[in-house]
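Enquirer: Sharing target34.cif (mmCIF, C-alpha atoms) below.
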```
data_model
#
loop_
_atom_site.label_atom_id
_atom_site.label_comp_id
_atom_site.auth_asym_id
_atom_site.auth_seq_id
_atom_site.Cartn_x
_atom_site.Cartn_y
_atom_site.Cartn_z
CA MET Q 12 60.11 92.11 83.96
CA ARG Q 13 62.49 89.60 85.48
CA THR Q 14 64.07 89.80 88.93
CA LEU Q 15 67.54 88.30 88.99
CA GLY Q 16 68.93 86.42 91.94
CA LEU Q 17 72.35 87.04 93.45
CA LYS Q 18 73.76 83.88 91.84
CA ALA Q 19 72.77 85.07 88.37
CA LYS Q 20 74.22 88.55 88.95
CA ILE Q 21 77.55 87.24 90.23
CA GLY Q 22 77.66 84.58 87.52
CA TYR Q 23 77.20 87.29 84.90
CA ALA Q 24 79.64 89.68 86.55
CA VAL Q 25 82.49 87.18 86.72
CA GLY Q 26 82.58 87.26 82.91
CA ASP Q 27 83.65 90.91 83.01
CA PHE Q 28 86.33 89.98 85.55
CA GLY Q 29 87.84 87.85 82.79
CA LEU Q 30 87.36 90.47 80.08
CA ASN Q 31 89.02 93.18 82.17
CA LEU Q 32 92.10 91.06 82.68
CA TYR Q 33 92.60 91.69 78.96
CA TRP Q 34 91.11 95.18 78.64
CA GLN Q 35 93.13 96.73 81.46
CA SER Q 36 96.25 95.19 79.94
CA LEU Q 37 95.39 96.89 76.65
CA LEU Q 38 94.90 100.22 78.39
CA LEU Q 39 97.89 100.17 80.70
CA PHE Q 40 100.53 97.75 79.47
CA ILE Q 41 100.43 97.12 75.71
CA LEU Q 42 101.83 100.49 74.64
CA PHE Q 43 104.32 100.48 77.51
CA PHE Q 44 105.46 96.92 76.64
CA GLN Q 45 105.77 97.70 72.95
CA MET Q 46 107.94 100.76 73.60
CA ASP Q 47 110.06 99.53 76.51
CA ALA Q 48 110.36 95.81 75.60
CA LEU Q 49 109.82 95.64 71.83
CA GLY Q 50 111.75 98.85 71.16
CA LEU Q 51 109.06 100.62 69.14
CA SER Q 52 109.09 104.40 69.06
CA ALA Q 53 106.19 106.27 70.62
CA MET Q 54 104.95 107.15 67.12
CA ASP Q 55 105.13 103.53 65.88
CA ALA Q 56 103.47 102.14 69.01
CA GLY Q 57 100.67 104.70 68.77
CA LEU Q 58 100.16 103.94 65.08
CA SER Q 59 100.12 100.20 65.80
CA TYR Q 60 97.50 100.73 68.50
CA LEU Q 61 95.38 102.87 66.18
CA ILE Q 62 95.46 100.26 63.40
CA ALA Q 63 94.39 97.51 65.82
CA SER Q 64 91.63 99.73 67.23
CA VAL Q 65 90.25 100.54 63.77
CA TRP Q 66 90.30 96.82 62.94
CA ASP Q 67 88.57 96.07 66.23
CA ALA Q 68 85.98 98.76 65.54
CA GLY Q 69 84.99 96.86 62.40
CA MET Q 70 84.85 93.53 64.23
CA ASP Q 71 82.44 94.75 66.92
CA PRO Q 72 79.39 95.50 64.72
CA LEU Q 73 80.13 92.36 62.70
CA MET Q 74 79.93 90.30 65.89
CA GLY Q 75 76.73 92.17 66.78
CA ILE Q 76 75.17 91.12 63.48
CA ILE Q 77 76.33 87.50 63.83
CA SER Q 78 75.20 87.06 67.42
CA ASP Q 79 71.82 88.78 66.88
CA ARG Q 80 71.15 86.30 64.06
CA THR Q 81 72.35 83.26 66.03
CA ARG Q 82 69.85 80.79 67.51
CA THR Q 83 71.02 77.80 69.58
CA ARG Q 84 69.70 75.80 72.52
CA MET Q 85 72.15 77.74 74.71
CA GLY Q 86 70.78 81.05 73.45
CA ARG Q 87 72.13 83.78 71.18
CA TYR Q 88 75.15 84.90 73.20
CA ARG Q 89 76.39 82.25 75.62
CA PRO Q 90 78.01 79.95 73.00
CA PHE Q 91 80.39 82.71 71.91
CA ILE Q 92 81.55 83.23 75.49
CA LEU Q 93 82.05 79.52 76.13
CA PHE Q 94 83.83 78.60 72.89
CA GLY Q 95 85.67 81.88 72.28
CA THR Q 96 87.54 82.06 75.57
CA VAL Q 97 90.47 79.72 74.77
CA PRO Q 98 91.37 81.43 71.43
CA LEU Q 99 91.21 84.76 73.27
CA ALA Q 100 93.66 83.57 75.93
CA PHE Q 101 96.04 82.28 73.24
CA ALA Q 102 95.96 85.61 71.37
CA PHE Q 103 96.72 87.48 74.61
CA TRP Q 104 99.73 85.25 75.29
CA LEU Q 105 100.98 85.78 71.75
CA CYS Q 106 101.00 89.58 72.12
CA PHE Q 107 103.64 89.27 74.86
CA SER Q 108 105.69 86.52 73.18
CA PRO Q 109 107.81 88.04 70.38
CA PRO Q 110 109.99 85.59 68.40
CA ALA Q 111 113.66 85.68 69.37
CA PHE Q 112 114.78 86.37 65.80
CA LEU Q 113 113.03 89.74 65.58
CA VAL Q 114 115.19 92.81 66.19
CA ALA Q 115 113.89 95.35 68.72
CA GLY Q 116 112.42 98.40 67.01
CA SER Q 117 112.61 96.84 63.54
CA ALA Q 118 109.91 96.79 60.88
CA GLY Q 119 109.43 93.10 61.62
CA MET Q 120 108.79 93.86 65.27
CA MET Q 121 106.29 96.55 64.26
CA LEU Q 122 104.45 93.99 62.10
CA PHE Q 123 104.48 91.47 64.93
CA ALA Q 124 103.12 94.00 67.44
CA THR Q 125 100.35 95.13 65.07
CA GLY Q 126 99.37 91.65 63.83
CA THR Q 127 99.14 90.06 67.26
CA HIS Q 128 97.24 93.05 68.62
CA MET Q 129 94.73 92.74 65.76
CA LEU Q 130 94.31 89.02 66.50
CA LEU Q 131 93.72 89.77 70.17
CA ARG Q 132 91.11 92.41 69.32
CA THR Q 133 89.31 89.97 66.98
CA CYS Q 134 89.10 87.25 69.63
CA TYR Q 135 88.09 89.83 72.24
CA ALA Q 136 85.16 90.99 70.10
CA VAL Q 137 83.94 87.39 69.69
CA VAL Q 138 83.53 87.13 73.48
CA ALA Q 139 82.89 90.72 74.58
CA ILE Q 140 80.01 91.76 72.29
CA PRO Q 141 77.80 88.75 73.10
CA TYR Q 142 78.74 89.12 76.77
CA SER Q 143 77.72 92.79 76.92
CA SER Q 144 74.46 92.04 75.10
CA LEU Q 145 73.40 89.77 77.95
CA THR Q 146 72.54 92.85 80.06
CA ALA Q 147 69.55 93.51 77.79
CA ALA Q 148 68.75 89.81 77.34
CA MET Q 149 68.73 88.72 81.00
CA THR Q 150 66.14 91.25 82.30
CA ARG Q 151 63.92 94.06 80.99
CA ASP Q 152 63.78 95.95 84.31
CA SER Q 153 65.78 99.22 84.42
CA ASP Q 154 66.59 99.01 88.15
CA GLU Q 155 67.62 95.37 87.79
CA ARG Q 156 69.91 96.39 84.94
CA ALA Q 157 71.50 99.06 87.13
CA SER Q 158 72.04 96.45 89.85
CA LEU Q 159 73.34 93.90 87.33
CA THR Q 160 75.70 96.51 85.87
CA GLY Q 161 76.85 97.40 89.38
CA TRP Q 162 77.84 93.80 90.06
CA ARG Q 163 79.45 93.67 86.63
CA MET Q 164 81.50 96.79 87.35
CA LEU Q 165 82.55 95.48 90.77
CA LEU Q 166 84.00 92.36 89.18
CA ALA Q 167 85.34 94.38 86.24
CA PHE Q 168 87.33 96.60 88.59
CA ALA Q 169 88.40 93.48 90.49
CA GLY Q 170 89.76 92.16 87.18
CA SER Q 171 91.49 95.47 86.55
CA THR Q 172 92.96 95.40 90.04
CA SER Q 173 94.12 91.82 89.63
CA VAL Q 174 95.88 92.31 86.32
CA SER Q 175 97.37 95.65 87.40
CA ALA Q 176 99.06 93.79 90.23
CA LEU Q 177 99.59 90.33 88.74
CA LEU Q 178 100.97 91.05 85.28
CA PRO Q 179 104.00 93.11 86.43
CA LEU Q 180 104.58 90.83 89.44
CA LEU Q 181 104.39 87.63 87.40
CA ALA Q 182 106.59 89.17 84.70
CA GLY Q 183 109.20 89.93 87.37
CA TRP Q 184 108.85 86.51 88.98
CA PHE Q 185 109.18 84.57 85.70
CA ASP Q 186 111.45 87.24 84.16
CA SER Q 187 109.10 86.92 81.21
CA TYR Q 188 105.95 88.71 80.12
CA SER Q 189 105.11 85.68 78.00
CA GLN Q 190 104.66 83.31 80.95
CA ALA Q 191 102.87 86.03 82.91
CA ALA Q 192 100.38 86.49 80.05
CA ALA Q 193 99.77 82.73 79.93
CA CYS Q 194 98.79 82.73 83.62
CA ILE Q 195 96.46 85.71 83.12
CA GLY Q 196 94.84 83.98 80.14
CA ALA Q 197 94.23 80.79 82.12
CA LEU Q 198 92.49 82.79 84.86
CA ALA Q 199 90.28 84.51 82.28
CA VAL Q 200 89.27 81.16 80.75
CA LEU Q 201 88.01 79.95 84.13
CA ALA Q 202 85.99 83.14 84.59
CA HIS Q 203 84.34 82.94 81.16
CA VAL Q 204 83.44 79.26 81.48
CA ALA Q 205 81.82 79.98 84.87
CA CYS Q 206 79.87 82.88 83.35
CA ALA Q 207 78.61 80.94 80.33
CA LEU Q 208 77.39 78.10 82.54
CA SER Q 209 75.69 80.40 85.09
CA VAL Q 210 73.52 82.84 83.12
CA ARG Q 211 70.26 82.41 81.25
CA GLU Q 212 68.76 84.52 78.46
CA LEU Q 213 65.18 85.67 78.01
CA PRO Q 214 63.59 84.63 74.69
CA PRO Q 215 63.23 87.43 72.11
CA PRO Q 216 59.97 89.41 72.55
CA VAL Q 217 57.04 88.44 70.34
CA THR Q 218 56.54 92.14 69.48
CA VAL Q 219 59.59 92.40 67.22
CA ALA Q 220 60.57 90.75 63.97
CA GLU Q 221 63.30 88.14 64.37
CA PRO Q 222 66.53 89.33 62.64
CA VAL Q 223 67.19 85.77 61.51
CA HIS Q 224 63.92 85.87 59.51
CA LEU Q 225 64.91 89.07 57.70
CA GLY Q 226 67.35 89.35 54.84
CA LEU Q 227 70.73 90.72 55.92
CA ARG Q 228 70.35 93.90 53.88
CA ALA Q 229 66.85 94.59 55.23
CA ASP Q 230 67.99 93.84 58.77
CA LEU Q 231 70.95 96.25 58.61
CA GLY Q 232 68.97 98.94 56.83
CA GLY Q 233 66.25 98.85 59.46
CA PHE Q 234 68.83 98.91 62.23
CA MET Q 235 70.63 101.99 60.88
CA ARG Q 236 67.36 103.87 60.33
CA GLY Q 237 66.42 103.07 63.91
CA VAL Q 238 69.77 104.30 65.23
CA LEU Q 239 69.42 107.64 63.45
CA ARG Q 240 65.99 108.10 65.08
CA ASN Q 241 67.09 106.97 68.53
CA GLY Q 242 67.87 110.24 70.32
CA PRO Q 243 68.91 108.69 73.67
CA LEU Q 244 71.33 106.32 71.93
CA LEU Q 245 72.87 109.07 69.78
CA ARG Q 246 73.45 111.24 72.86
CA LEU Q 247 75.06 108.36 74.70
CA LEU Q 248 77.34 107.57 71.74
CA ALA Q 249 78.39 111.22 71.45
CA ALA Q 250 79.20 111.33 75.15
CA THR Q 251 81.22 108.12 74.80
CA VAL Q 252 83.36 109.57 72.01
CA ALA Q 253 84.10 112.76 73.93
CA LEU Q 254 84.85 110.86 77.14
CA HIS Q 255 87.19 108.19 75.84
CA LEU Q 256 89.00 110.27 73.24
CA SER Q 257 90.21 112.54 76.03
CA LEU Q 258 90.34 110.23 79.04
CA GLY Q 259 92.41 107.71 77.07
CA LEU Q 260 95.25 110.25 77.00
CA LEU Q 261 95.17 110.37 80.79
CA MET Q 262 95.11 106.60 81.28
CA ARG Q 263 98.02 106.00 78.95
CA ASN Q 264 100.12 108.59 80.74
CA VAL Q 265 99.74 106.91 84.14
CA PRO Q 266 102.56 104.32 83.67
CA PHE Q 267 104.89 107.08 82.43
CA LEU Q 268 104.07 109.28 85.42
CA LEU Q 269 104.72 106.41 87.82
CA LYS Q 270 108.00 105.34 86.23
CA TYR Q 271 109.64 108.55 85.10
CA ASP Q 272 108.08 111.35 87.14
CA LEU Q 273 107.75 109.60 90.50
CA GLY Q 274 110.82 107.42 89.97
CA GLY Q 275 108.75 104.32 90.61
CA ASP Q 276 109.98 100.76 90.24
CA ALA Q 277 107.75 97.74 89.54
CA THR Q 278 106.63 97.66 93.17
CA LEU Q 279 105.31 101.24 93.12
CA THR Q 280 103.56 100.63 89.79
CA VAL Q 281 101.84 97.52 91.13
CA GLN Q 282 100.82 99.21 94.39
CA ALA Q 283 99.54 102.37 92.70
CA LEU Q 284 97.57 100.64 89.94
CA THR Q 285 96.09 98.22 92.47
CA TRP Q 286 95.05 101.14 94.67
CA PHE Q 287 93.43 103.00 91.75
CA SER Q 288 91.44 99.93 90.74
CA ALA Q 289 90.43 99.41 94.38
CA ALA Q 290 89.13 103.00 94.39
CA GLY Q 291 86.98 102.06 91.41
CA ILE Q 292 85.63 99.02 93.25
CA ALA Q 293 84.76 101.15 96.28
CA ALA Q 294 83.04 103.70 94.02
CA VAL Q 295 80.73 101.29 92.18
CA PRO Q 296 78.13 100.79 94.97
CA ALA Q 297 77.97 104.55 95.47
CA TRP Q 298 77.34 105.18 91.76
CA VAL Q 299 74.75 102.40 91.55
CA TRP Q 300 72.95 104.04 94.48
CA VAL Q 301 73.05 107.43 92.74
CA ALA Q 302 71.76 105.88 89.49
CA ARG Q 303 68.86 104.11 91.22
CA SER Q 304 68.00 106.95 93.64
CA TRP Q 305 68.20 109.82 91.12
CA SER Q 306 69.17 108.82 87.59
CA LYS Q 307 71.95 107.31 85.52
CA GLY Q 308 72.47 110.70 83.86
CA ILE Q 309 73.10 112.39 87.20
CA SER Q 310 75.69 109.75 88.13
CA TRP Q 311 77.49 110.50 84.82
CA GLN Q 312 77.48 114.25 85.50
CA VAL Q 313 78.72 114.04 89.08
CA GLY Q 314 81.42 111.51 88.17
CA SER Q 315 82.58 113.72 85.30
CA ALA Q 316 82.86 116.72 87.61
CA MET Q 317 85.05 114.68 89.97
CA VAL Q 318 87.35 113.59 87.12
CA ILE Q 319 87.67 117.18 85.89
CA ALA Q 320 88.58 118.37 89.39
CA GLY Q 321 91.18 115.61 89.77
CA GLY Q 322 92.63 116.31 86.32
CA ILE Q 323 93.07 120.03 86.89
CA ALA Q 324 94.70 119.38 90.27
CA LEU Q 325 97.02 116.80 88.70
CA ALA Q 326 98.13 119.19 85.95
CA PHE Q 327 99.34 121.74 88.48
CA THR Q 328 100.86 119.35 91.02
CA PRO Q 329 104.67 119.77 91.03
CA PRO Q 330 106.68 116.92 89.42
CA GLY Q 331 107.82 114.28 91.90
CA SER Q 332 104.97 114.94 94.37
CA LEU Q 333 104.12 111.33 95.16
CA TRP Q 334 101.19 111.65 97.55
CA LEU Q 335 99.53 114.59 95.81
CA THR Q 336 99.76 112.76 92.49
CA LEU Q 337 98.28 109.58 93.94
CA ALA Q 338 95.46 111.57 95.58
CA CYS Q 339 94.57 113.25 92.28
CA LEU Q 340 94.60 109.95 90.39
CA THR Q 341 92.50 108.28 93.08
CA LEU Q 342 89.84 110.99 92.69
CA ILE Q 343 89.94 110.50 88.91
CA PHE Q 344 89.51 106.72 89.11
CA PHE Q 345 86.71 107.09 91.69
CA GLY Q 346 84.82 109.52 89.44
CA HIS Q 347 85.43 107.50 86.27
CA ALA Q 348 83.64 104.50 87.80
CA ALA Q 349 80.40 106.47 87.34
CA HIS Q 350 80.84 106.39 83.56
CA ALA Q 351 81.12 102.61 83.48
CA VAL Q 352 78.03 102.12 85.64
CA ALA Q 353 76.00 104.69 83.71
CA MET Q 354 76.98 103.77 80.16
CA TRP Q 355 76.50 100.01 80.39
CA SER Q 356 73.13 100.36 82.13
CA MET Q 357 71.89 103.13 79.81
CA LEU Q 358 72.57 101.15 76.63
CA PRO Q 359 69.93 98.45 77.25
CA ASP Q 360 67.39 101.17 78.04
CA ALA Q 361 68.14 102.65 74.61
CA VAL Q 362 67.47 99.18 73.14
CA ASP Q 363 64.04 99.25 74.82
CA TYR Q 364 63.43 102.73 73.40
CA ALA Q 365 63.97 101.39 69.85
CA HIS Q 366 61.73 98.42 70.65
CA TRP Q 367 58.99 100.86 71.72
CA ARG Q 368 59.36 103.40 68.88
CA HIS Q 369 60.38 101.22 65.94
CA ARG Q 370 59.46 97.62 66.90
CA ARG Q 371 63.09 96.56 66.60
CA ARG Q 372 65.23 94.91 69.25
CA ASP Q 373 68.87 94.91 68.10
CA GLU Q 374 70.63 94.08 71.35
CA ALA Q 375 73.99 92.84 70.06
CA LYS Q 376 74.08 95.28 67.14
CA VAL Q 377 73.60 98.22 69.51
CA TYR Q 378 76.37 96.95 71.76
CA GLY Q 379 78.56 96.35 68.73
CA LEU Q 380 77.99 99.91 67.51
CA ALA Q 381 78.70 101.33 70.97
CA SER Q 382 81.87 99.26 71.21
CA LEU Q 383 82.93 100.42 67.73
CA ILE Q 384 82.53 104.06 68.80
CA LEU Q 385 84.35 103.47 72.09
CA LYS Q 386 87.30 101.70 70.51
CA LEU Q 387 87.70 104.19 67.70
CA ALA Q 388 87.88 106.89 70.36
CA LEU Q 389 90.44 104.90 72.35
CA GLY Q 390 92.45 104.18 69.21
CA GLY Q 391 92.41 107.86 68.34
CA SER Q 392 93.56 108.74 71.84
CA ALA Q 393 96.44 106.24 71.55
CA PHE Q 394 97.57 107.78 68.26
CA LEU Q 395 97.27 111.30 69.64
CA GLY Q 396 99.05 110.11 72.78
CA GLY Q 397 101.99 108.88 70.71
CA LEU Q 398 102.20 112.22 68.92
CA ALA Q 399 101.95 114.05 72.24
CA LEU Q 400 104.71 111.96 73.85
CA ASP Q 401 106.99 112.74 70.92
CA GLY Q 402 105.98 116.38 71.24
CA VAL Q 403 107.04 116.59 74.91
CA GLY Q 404 110.37 114.89 74.13
CA TYR Q 405 109.79 111.40 75.59
CA ALA Q 406 112.84 109.09 75.18
CA PRO Q 407 112.08 105.38 75.92
CA GLY Q 408 114.09 103.96 78.82
CA ALA Q 409 116.09 107.16 79.40
CA VAL Q 410 116.12 109.81 82.11
CA GLN Q 411 113.51 112.34 81.04
CA ALA Q 412 114.10 116.09 80.85
CA GLN Q 413 112.24 118.32 83.31
CA GLY Q 414 110.11 119.71 80.50
CA THR Q 415 109.08 116.19 79.54
CA LEU Q 416 107.99 115.41 83.10
CA THR Q 417 105.90 118.56 83.14
CA GLY Q 418 104.46 117.53 79.79
CA PHE Q 419 103.37 114.15 81.23
CA ARG Q 420 101.31 115.98 83.85
CA LEU Q 421 99.75 118.44 81.46
CA LEU Q 422 98.76 115.62 79.08
CA ALA Q 423 97.32 113.52 81.90
CA GLY Q 424 95.58 116.37 83.70
CA LEU Q 425 94.27 118.89 81.20
CA ALA Q 426 93.47 116.63 78.23
CA PRO Q 427 90.31 115.16 79.82
CA VAL Q 428 88.76 118.49 80.77
CA LEU Q 429 87.37 119.48 77.36
CA GLY Q 430 86.17 115.98 76.47
CA LEU Q 431 84.43 115.46 79.79
CA GLY Q 432 82.72 118.84 79.51
CA LEU Q 433 81.38 117.88 76.06
CA SER Q 434 80.21 114.51 77.38
CA MET Q 435 78.30 116.26 80.16
CA LEU Q 436 76.52 118.45 77.60
CA ALA Q 437 75.50 115.37 75.58
CA VAL Q 438 74.20 113.46 78.61
CA ALA Q 439 72.29 116.51 79.89
CA GLY Q 440 69.68 115.86 77.18
CA TYR Q 441 69.39 112.10 77.79
CA SER Q 442 65.69 111.61 78.51
CA LEU Q 443 65.36 107.96 79.57
CA ASN Q 444 65.07 108.26 83.33
CA ALA Q 445 63.60 105.42 85.42
CA GLU Q 446 60.07 106.85 85.32
CA ARG Q 447 59.93 107.17 81.55
CA HIS Q 448 61.57 103.78 81.05
CA GLY Q 449 58.94 102.25 83.31
CA ARG Q 450 56.15 103.73 81.16
CA ILE Q 451 57.84 102.33 78.04
CA GLN Q 452 58.06 98.87 79.58
CA ALA Q 453 54.40 99.01 80.63
CA PHE Q 454 53.41 99.90 77.06
CA LEU Q 455 55.55 97.06 75.66
CA GLY Q 456 53.90 94.66 78.09
CA ARG Q 457 50.42 95.69 76.92
CA ARG Q 458 51.52 95.38 73.28
CA ALA Q 459 52.84 91.86 73.94
CA ASP Q 460 49.57 90.85 75.64
CA ARG Q 461 47.58 91.97 72.58
CA MET Q 462 49.78 89.92 70.25
CA GLN Q 463 49.62 86.70 72.24
#
```
Hey, can you dump this file as structure tokens for me?
Expert:
Amino acid sequence: MRTLGLKAKIGYAVGDFGLNLYWQSLLLFILFFQMDALGLSAMDAGLSYLIASVWDAGMDPLMGIISDRTRTRMGRYRPFILFGTVPLAFAFWLCFSPPAFLVAGSAGMMLFATGTHMLLRTCYAVVAIPYSSLTAAMTRDSDERASLTGWRMLLAFAGSTSVSALLPLLAGWFDSYSQAAACIGALAVLAHVACALSVRELPPPVTVAEPVHLGLRADLGGFMRGVLRNGPLLRLLAATVALHLSLGLLMRNVPFLLKYDLGGDATLTVQALTWFSAAGIAAVPAWVWVARSWSKGISWQVGSAMVIAGGIALAFTPPGSLWLTLACLTLIFFGHAAHAVAMWSMLPDAVDYAHWRHRRRDEAKVYGLASLILKLALGGSAFLGGLALDGVGYAPGAVQAQGTLTGFRLLAGLAPVLGLGLSMLAVAGYSLNAERHGRIQAFLGRRADRMQ
């Protein structure tokens, strides 16, 4: 066990501040920018997003394999954060900097949007997978991981809040998304450098075989066999698919609701998105307390119930109802914070479960697999979202028909209900509560003592 000080927790968390400057932009602004600024149709933008997500899904486990087999004086994961941050910032800038010679809505613009998005996802994986793996590498204590994840989520939501406000404001100030993206990238670089220089990794346990000493084929074969026998991990992955496949439809409808349904300008969009992210920040300490006082599974279930309630209320709120809409979305964002806290603190416990049952510790590969599943679900939701927007008659940049506005609400409100219900069923059987995890850690400690 290792108790982490406040400096280590904040140093780690600031890395997710930087990552969420990019991730929130992918969730909220990329599709909107590609349709409204690059002139892509909803179908083309959704297809572009799906292609980039599938590509990204392949990059994540690859980065898990590479980082698990890396050994340096800085550790397995920190070098990727330190040296990958500048290429990541450049790729982000490029996504918002189309060449002047490309015609809006053309095949060339579609290729530009897809290619730059794929480059961004590649650079993001290089930093994000090693970063996420640090949760399991910095401490073996379940409660410390919940606390560490809580700090991470606080700074993650702060990053989401910052980019939700800054990117549209800077774009309006510079009259250019390109210069705005450059400023966001510079801020992220500072955050990642601070993180890489602040954290420390535990050495790999003596009770597991080092992946670097195994052949690649044997390493991957053992990992996949372990995954298929890891019940807690499989349940968590199933819940992740159900959650993000459905909730992604809601998140991508938020900018359309704000602009077309509520008649919002850039100021309303900035204020609303900042408020929603602030609701997430306020929720994180509450969900960490629930996770540590009861269990991480209970925090997932209660948060899901809140999102379902907010979604149903949103679906039946009349179009143009500003304050009712904002209240429903605030409840949704508050409840969704529970998923972030629970998922990212449950994953390292599933790593410990494999260590106990199968004598394997595949930290980065597990995070790579989880990220693959998450991003495939988000890519699928983007593609389905494009089809759905076409289905409700969305016309980019135009005044929307009343039926289209109603469609925005139904997509945003009712789509998450089924997926969240399925995720709750999956998590209901998740067996790694704090008591059982403590017994597993005690057994691993005795096993390590015998081997030393």
Enquirer: From the options Q:Ala453, Q:Leu325, Q:Leu380, Q:Leu113, which residue's atoms come nearest to Asn264 of chain Q, counting only C-alpha atoms?
Expert: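 Nearest candidate to Asn264 of chain Q out of Q:Ala453, Q:Leu325, Q:Leu380, Q:Leu113: Q:Leu325.
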Enquirer: Sorted by chain and rising residue number, which residues of segment 17-95 of chain Q lie within 8 Å of segment 120-141 of chain Q, and what are their closest atom pairs and distances in Å to one decimal, counting all atoms listed in the file, as a Markdown table?
Expert:
```
| residue | atom | partner | partner_atom | distance |
| --- | --- | --- | --- | --- |
| Q:Leu30 | CA | Q:Ala139 | CA | 7.1 |
| Q:Gln45 | CA | Q:Ala124 | CA | 7.1 |
| Q:Leu49 | CA | Q:Met120 | CA | 6.9 |
| Q:Leu51 | CA | Q:Met121 | CA | 6.9 |
| Q:Asp55 | CA | Q:Met121 | CA | 7.3 |
| Q:Ala56 | CA | Q:Met121 | CA | 7.9 |
| Q:Ser59 | CA | Q:Thr125 | CA | 5.1 |
| Q:Tyr60 | CA | Q:Thr125 | CA | 7.2 |
| Q:Ile62 | CA | Q:Thr125 | CA | 7.3 |
| Q:Ala63 | CA | Q:Met129 | CA | 4.8 |
| Q:Ser64 | CA | Q:Arg132 | CA | 7.6 |
| Q:Trp66 | CA | Q:Met129 | CA | 6.7 |
| Q:Asp67 | CA | Q:Arg132 | CA | 5.4 |
| Q:Met70 | CA | Q:Thr133 | CA | 6.3 |
| Q:Asp71 | CA | Q:Ala136 | CA | 5.6 |
| Q:Met74 | CA | Q:Val137 | CA | 6.2 |
| Q:Gly75 | CA | Q:Ile140 | CA | 6.4 |
| Q:Ser78 | CA | Q:Pro141 | CA | 6.5 |
| Q:Arg87 | CA | Q:Pro141 | CA | 7.8 |
| Q:Tyr88 | CA | Q:Pro141 | CA | 4.7 |
| Q:Arg89 | CA | Q:Pro141 | CA | 7.1 |
| Q:Phe91 | CA | Q:Val138 | CA | 5.6 |
| Q:Ile92 | CA | Q:Val138 | CA | 4.8 |
| Q:Gly95 | CA | Q:Val138 | CA | 5.8 |
```
Enquirer: When the PyMOL selection byres ((chain Q and resi 161) around 7) is applied to the structure above, which residues does it catch, written out as a PDB file with C-alpha atoms, in the coordinates of the input?
Expert:
```
ATOM      1  CA  ALA Q 157      71.500  99.060  87.130  1.00  0.00           C
ATOM      2  CA  SER Q 158      72.040  96.450  89.850  1.00  0.00           C
ATOM      3  CA  LEU Q 159      73.340  93.900  87.330  1.00  0.00           C
ATOM      4  CA  THR Q 160      75.700  96.510  85.870  1.00  0.00           C
ATOM      5  CA  TRP Q 162      77.840  93.800  90.060  1.00  0.00           C
ATOM      6  CA  ARG Q 163      79.450  93.670  86.630  1.00  0.00           C
ATOM      7  CA  MET Q 164      81.500  96.790  87.350  1.00  0.00           C
ATOM      8  CA  LEU Q 165      82.550  95.480  90.770  1.00  0.00           C
ATOM      9  CA  VAL Q 295      80.730 101.290  92.180  1.00  0.00           C
ATOM     10  CA  PRO Q 296      78.130 100.790  94.970  1.00  0.00           C
ATOM     11  CA  VAL Q 299      74.750 102.400  91.550  1.00  0.00           C
ATOM     12  CA  VAL Q 352      78.030 102.120  85.640  1.00  0.00           C
TER      13      VAL Q 352
END
```
Enquirer: What separation in Å, quoted to one decimal, exists between atom CA of Phe344 of chain Q and atom CA of Ala426 of chain Q?
Expert: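 Taking atom CA of Phe344 of chain Q as the start and atom CA of Ala426 of chain Q as the end point, the length is 15.2 Å.
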Enquirer: Quick one: pull the distance between atom CA of Ala147 of chain Q and atom CA of Ala348 of chain Q, Å, one decimal.
Expert: 20.5 Å
Enquirer: For segment 325-333 of chain Q, supply N, CA and C atoms and format the output as a short mmCIF file (atom, residue, chain, number, x, y, z; two decimals), keeping the file's coordinate frame.
Expert:
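Output file result.cif follows:
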```
data_model
loop_
_atom_site.label_atom_id
_atom_site.label_comp_id
_atom_site.auth_asym_id
_atom_site.auth_seq_id
_atom_site.Cartn_x
_atom_site.Cartn_y
_atom_site.Cartn_z
N LEU Q 325 95.85 117.56 89.12
CA LEU Q 325 97.02 116.80 88.70
C LEU Q 325 97.94 117.62 87.80
N ALA Q 326 97.34 118.39 86.89
CA ALA Q 326 98.13 119.19 85.95
C ALA Q 326 99.02 120.20 86.66
N PHE Q 327 98.58 120.70 87.79
CA PHE Q 327 99.34 121.74 88.48
C PHE Q 327 100.02 121.25 89.75
N THR Q 328 100.08 119.92 89.92
CA THR Q 328 100.86 119.35 91.02
C THR Q 328 102.32 119.30 90.60
N PRO Q 329 103.25 119.75 91.42
CA PRO Q 329 104.67 119.77 91.03
C PRO Q 329 105.19 118.37 90.71
N PRO Q 330 106.08 118.22 89.72
CA PRO Q 330 106.68 116.92 89.42
C PRO Q 330 107.33 116.30 90.66
N GLY Q 331 107.21 114.99 90.78
CA GLY Q 331 107.82 114.28 91.90
C GLY Q 331 107.00 114.28 93.17
N SER Q 332 105.82 114.89 93.16
CA SER Q 332 104.97 114.94 94.37
C SER Q 332 104.16 113.65 94.46
N LEU Q 333 104.69 112.68 95.15
CA LEU Q 333 104.12 111.33 95.16
C LEU Q 333 102.69 111.32 95.69
#
```
